[in-house]
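K.L.:
Before we start, here is the structure in question, set down as structure tokens.
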Amino acid sequence: MFQTNDLQLVLFLLFSILSIASAIFITRQRNVFYASIGLAFLGIAIAILIALLSPSAYAFYSAFHLLLYVGSAVVFLSISLVVFRGLEVKEVQIPWAGVAAVTVGALVYIGLFVTFSSISPASAESIVFSLVKFANIFLQQYWFPTVILIVALLTTMIEALSLARGEKT
Amino acid sequence: MILGDLGLTVASILLAIGAYGLVNSKNIIRILLSSEIIVNASILMVFSASSLLNKVYLPIFFSIFAIGMALIEVVVAFAAIFLYYRSKGSLEVE
């Protein structure tokens with residue numbers, strides 16, 4: 001398993017608290033614009049948590065998460081929500097919502113705990129991330145999902161252009 | 001406690017908060033934001049599980065495609081929300 005030091009653990013706990021606080025803020029905030037700003041903080045906290053899991057292996061993805069998710073998805077959402085600025089969310093009080101949420105979380109956690117307690121860790125793999133190896137695997141083994149993703153992104157761009165021009169669908 | 005286990009715990013808590021927001025709101029944007037919390041929780045869960053199994057490249061590929069799809073989902077969902085608001089004048093779901 002990856003080695004952990006005390007500073008890593010303290011930072012991990014700190015950003016865990018930040019991510020949970022941001023998630024609670026998003027679900028409790030009545031103004032949707034401020035809630036989307038909370039999503040940016042959640043994205044940043046998650047990117048840092050991923051990097052802290054193994055800095056030498058996952059730092060590349062962490063940067064990717066910051067650039068693509070926080071930098072484009074959340075910023076797009078926040079800027080778009082300016083249209084609805086001042087719009088307040090009406091709360092509905094569903095008595096079983098809290099129980100359902102805790103049950104879902106607990107079931108997932110128990111499922112993960114049961115799965116990982118029965119699996120012995122694999123033999124130690126090199127944890128140094130190599131961009132050359134990454135690119136080779138990406139282009140040789142995952143070319144089809146990449147093509148699908150590119151087509152989907154192009155379709156989204158056409159849809160966004162269509163929406164910006166005000167065309168009726 | 002190692003970081004992988006702690007990551008799985010945090011991801012489960014985030015999943016529960018996202019599920020609560022999903023169920024407890026009638027506003028479409030709040031539902032979209034809650035689903036984004038669940039997306040983030042699932043990505044953290046994949047990386048935590050992979051760190052326990054010493055996997056380096058697999059979670060990165062998985063998450064790159066997941067993030068790409070999440071980006072597309074946000075744009076498409078927002079376009080749908082915008083059209084819904086234009087036609088109904090409200091963002092409340094029935």
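By order of appearance in the structure tokens: chains A, B, ..., then residues from 1 within every chain, and ligands from 1 in the order shown.
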Just the residues within 9 Å of A:Val74, please, counting only C-alpha atoms, with nothing from its chain fewer than 2 positions along; format it as a list in words.
P.N.:
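Using only C-alpha atoms, the neighbours found are Ser36, Ile37, Leu39, Ala40, Gly43, Leu68, Tyr69, Val70, Gly71, Ser72, Phe76, Leu77, Ser78 and Ile79 of chain A; Leu71 and Val74 of chain B.
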K.L.:
With N, CA and C atoms retained, could you export that selection as an mmCIF file, in the first residue's frame?
P.N.:
```cif
data_model
loop_
_atom_site.group_PDB
_atom_site.id
_atom_site.type_symbol
_atom_site.label_atom_id
_atom_site.label_comp_id
_atom_site.auth_asym_id
_atom_site.auth_seq_id
_atom_site.Cartn_x
_atom_site.Cartn_y
_atom_site.Cartn_z
ATOM 1 N N SER A 36 -23.802 26.925 -6.106
ATOM 2 C CA SER A 36 -22.867 26.498 -7.169
ATOM 3 C C SER A 36 -21.432 26.932 -6.849
ATOM 4 N N ILE A 37 -21.284 28.049 -6.119
ATOM 5 C CA ILE A 37 -19.940 28.448 -5.660
ATOM 6 C C ILE A 37 -19.421 27.400 -4.661
ATOM 7 N N LEU A 39 -20.066 24.312 -4.816
ATOM 8 C CA LEU A 39 -19.643 23.160 -5.616
ATOM 9 C C LEU A 39 -18.183 23.311 -6.078
ATOM 10 N N ALA A 40 -17.771 24.554 -6.350
ATOM 11 C CA ALA A 40 -16.369 24.794 -6.734
ATOM 12 C C ALA A 40 -15.440 24.411 -5.578
ATOM 13 N N GLY A 43 -15.230 20.684 -5.391
ATOM 14 C CA GLY A 43 -14.351 20.156 -6.444
ATOM 15 C C GLY A 43 -12.878 20.324 -6.087
ATOM 16 N N LEU A 68 -10.469 20.729 -15.564
ATOM 17 C CA LEU A 68 -11.659 20.399 -16.348
ATOM 18 C C LEU A 68 -12.939 20.517 -15.536
ATOM 19 N N TYR A 69 -12.924 20.009 -14.307
ATOM 20 C CA TYR A 69 -14.177 20.025 -13.530
ATOM 21 C C TYR A 69 -14.422 21.384 -12.883
ATOM 22 N N VAL A 70 -13.467 21.815 -12.061
ATOM 23 C CA VAL A 70 -13.656 23.100 -11.373
ATOM 24 C C VAL A 70 -13.542 24.253 -12.362
ATOM 25 N N GLY A 71 -12.558 24.136 -13.255
ATOM 26 C CA GLY A 71 -12.286 25.236 -14.190
ATOM 27 C C GLY A 71 -13.315 25.409 -15.275
ATOM 28 N N SER A 72 -13.967 24.344 -15.687
ATOM 29 C CA SER A 72 -14.943 24.548 -16.758
ATOM 30 C C SER A 72 -16.366 24.213 -16.338
ATOM 31 N N PHE A 76 -18.794 27.204 -15.594
ATOM 32 C CA PHE A 76 -19.905 27.317 -16.549
ATOM 33 C C PHE A 76 -21.239 27.383 -15.802
ATOM 34 N N LEU A 77 -21.386 26.479 -14.831
ATOM 35 C CA LEU A 77 -22.638 26.417 -14.060
ATOM 36 C C LEU A 77 -22.861 27.718 -13.290
ATOM 37 N N SER A 78 -21.803 28.221 -12.644
ATOM 38 C CA SER A 78 -21.938 29.448 -11.839
ATOM 39 C C SER A 78 -22.297 30.640 -12.711
ATOM 40 N N ILE A 79 -21.592 30.765 -13.857
ATOM 41 C CA ILE A 79 -21.854 31.914 -14.728
ATOM 42 C C ILE A 79 -23.266 31.816 -15.305
ATOM 43 N N LEU B 71 -19.140 16.764 -17.446
ATOM 44 C CA LEU B 71 -19.128 18.080 -18.101
ATOM 45 C C LEU B 71 -20.251 18.159 -19.127
ATOM 46 N N VAL B 74 -23.615 18.430 -17.383
ATOM 47 C CA VAL B 74 -23.907 19.769 -16.856
ATOM 48 C C VAL B 74 -24.422 20.671 -17.961
#
```
K.L.:
Determine, using only C-alpha atoms, which residues of chain B have any atom at most 6 Å from an atom of chain A, and tabulate each with its shortest atom pair and distance in Å to one decimal place, rows ordered by chain and then rising number, as CSV.
P.N.:
```
residue,atom,partner,partner_atom,distance
B:Ser12,CA,A:Gly105,CA,5.1
B:Leu15,CA,A:Gly105,CA,5.9
B:Ala16,CA,A:Gly105,CA,4.5
B:Ala19,CA,A:Ala101,CA,5.3
B:Tyr20,CA,A:Ala101,CA,4.9
B:Gly21,CA,A:Thr27,CA,5.2
B:Asn24,CA,A:Val92,CA,5.9
B:Ser25,CA,A:Val92,CA,5.8
B:Leu53,CA,A:Pro121,CA,5.2
B:Leu71,CA,A:Ala73,CA,5.4
```
K.L.:
So which residues of chain B fall under alpha helix (DSSP H) by DSSP, listed as number ranges by chain?
P.N.:
B: 3-23, 28-52, 57-88
K.L.:
Residues within 10 Å of B:Met45, please, as a ChimeraX atom specification. Count only C-alpha atoms; anything in the same chain fewer than 2 positions from it doesn't count.
P.N.:
/A:50,112 /B:4-5,7-12,15,39-43,47-51,59
K.L.:
Can you list, as a PDB file with all heavy atoms, in the first residue's frame, every protein, DNA or RNA residue that comes within 10 Å of B:Tyr85 when you count only C-alpha atoms, leaving out same-chain residues fewer than 6 positions away?
P.N.:
```pdb
ATOM      1  N   PHE A  84     -30.376  33.202 -13.209  1.00  0.00           N
ATOM      2  CA  PHE A  84     -31.395  32.943 -12.182  1.00  0.00           C
ATOM      3  C   PHE A  84     -30.992  33.542 -10.837  1.00  0.00           C
ATOM      4  O   PHE A  84     -31.428  33.078  -9.795  1.00  0.00           O
ATOM      5  CB  PHE A  84     -31.605  31.437 -12.005  1.00  0.00           C
ATOM      6  CG  PHE A  84     -31.933  30.716 -13.263  1.00  0.00           C
ATOM      7  CD1 PHE A  84     -31.037  29.813 -13.807  1.00  0.00           C
ATOM      8  CD2 PHE A  84     -33.130  30.936 -13.919  1.00  0.00           C
ATOM      9  CE1 PHE A  84     -31.330  29.140 -14.974  1.00  0.00           C
ATOM     10  CE2 PHE A  84     -33.427  30.255 -15.084  1.00  0.00           C
ATOM     11  CZ  PHE A  84     -32.528  29.361 -15.611  1.00  0.00           C
TER      12      PHE A  84
ATOM     13  N   ILE B  28     -35.006  22.186  -9.812  1.00  0.00           N
ATOM     14  CA  ILE B  28     -34.196  21.392 -10.751  1.00  0.00           C
ATOM     15  C   ILE B  28     -32.701  21.662 -10.557  1.00  0.00           C
ATOM     16  O   ILE B  28     -31.884  20.743 -10.610  1.00  0.00           O
ATOM     17  CB  ILE B  28     -34.567  21.705 -12.216  1.00  0.00           C
ATOM     18  CG1 ILE B  28     -36.058  21.530 -12.466  1.00  0.00           C
ATOM     19  CG2 ILE B  28     -33.805  20.794 -13.157  1.00  0.00           C
ATOM     20  CD1 ILE B  28     -36.487  21.902 -13.860  1.00  0.00           C
ATOM     21  N   ALA B  79     -28.984  23.355 -20.460  1.00  0.00           N
ATOM     22  CA  ALA B  79     -29.773  23.748 -21.635  1.00  0.00           C
ATOM     23  C   ALA B  79     -31.233  23.346 -21.439  1.00  0.00           C
ATOM     24  O   ALA B  79     -32.151  24.134 -21.725  1.00  0.00           O
ATOM     25  CB  ALA B  79     -29.198  23.090 -22.878  1.00  0.00           C
ATOM     26  N   LEU B  91     -38.787  26.938 -11.856  1.00  0.00           N
ATOM     27  CA  LEU B  91     -37.853  25.813 -11.863  1.00  0.00           C
ATOM     28  C   LEU B  91     -38.287  24.700 -10.916  1.00  0.00           C
ATOM     29  O   LEU B  91     -37.516  23.808 -10.607  1.00  0.00           O
ATOM     30  CB  LEU B  91     -36.452  26.288 -11.486  1.00  0.00           C
ATOM     31  CG  LEU B  91     -35.741  27.149 -12.523  1.00  0.00           C
ATOM     32  CD1 LEU B  91     -34.411  27.635 -11.980  1.00  0.00           C
ATOM     33  CD2 LEU B  91     -35.506  26.376 -13.798  1.00  0.00           C
ATOM     34  N   GLU B  92     -39.524  24.781 -10.456  1.00  0.00           N
ATOM     35  CA  GLU B  92     -40.006  23.761  -9.527  1.00  0.00           C
ATOM     36  C   GLU B  92     -40.513  22.546 -10.306  1.00  0.00           C
ATOM     37  O   GLU B  92     -41.217  22.706 -11.292  1.00  0.00           O
ATOM     38  CB  GLU B  92     -41.156  24.305  -8.660  1.00  0.00           C
ATOM     39  CG  GLU B  92     -40.805  25.570  -7.898  1.00  0.00           C
ATOM     40  CD  GLU B  92     -39.651  25.399  -6.937  1.00  0.00           C
ATOM     41  OE1 GLU B  92     -39.648  24.422  -6.194  1.00  0.00           O
ATOM     42  OE2 GLU B  92     -38.750  26.253  -6.946  1.00  0.00           O
TER      43      GLU B  92
END
```
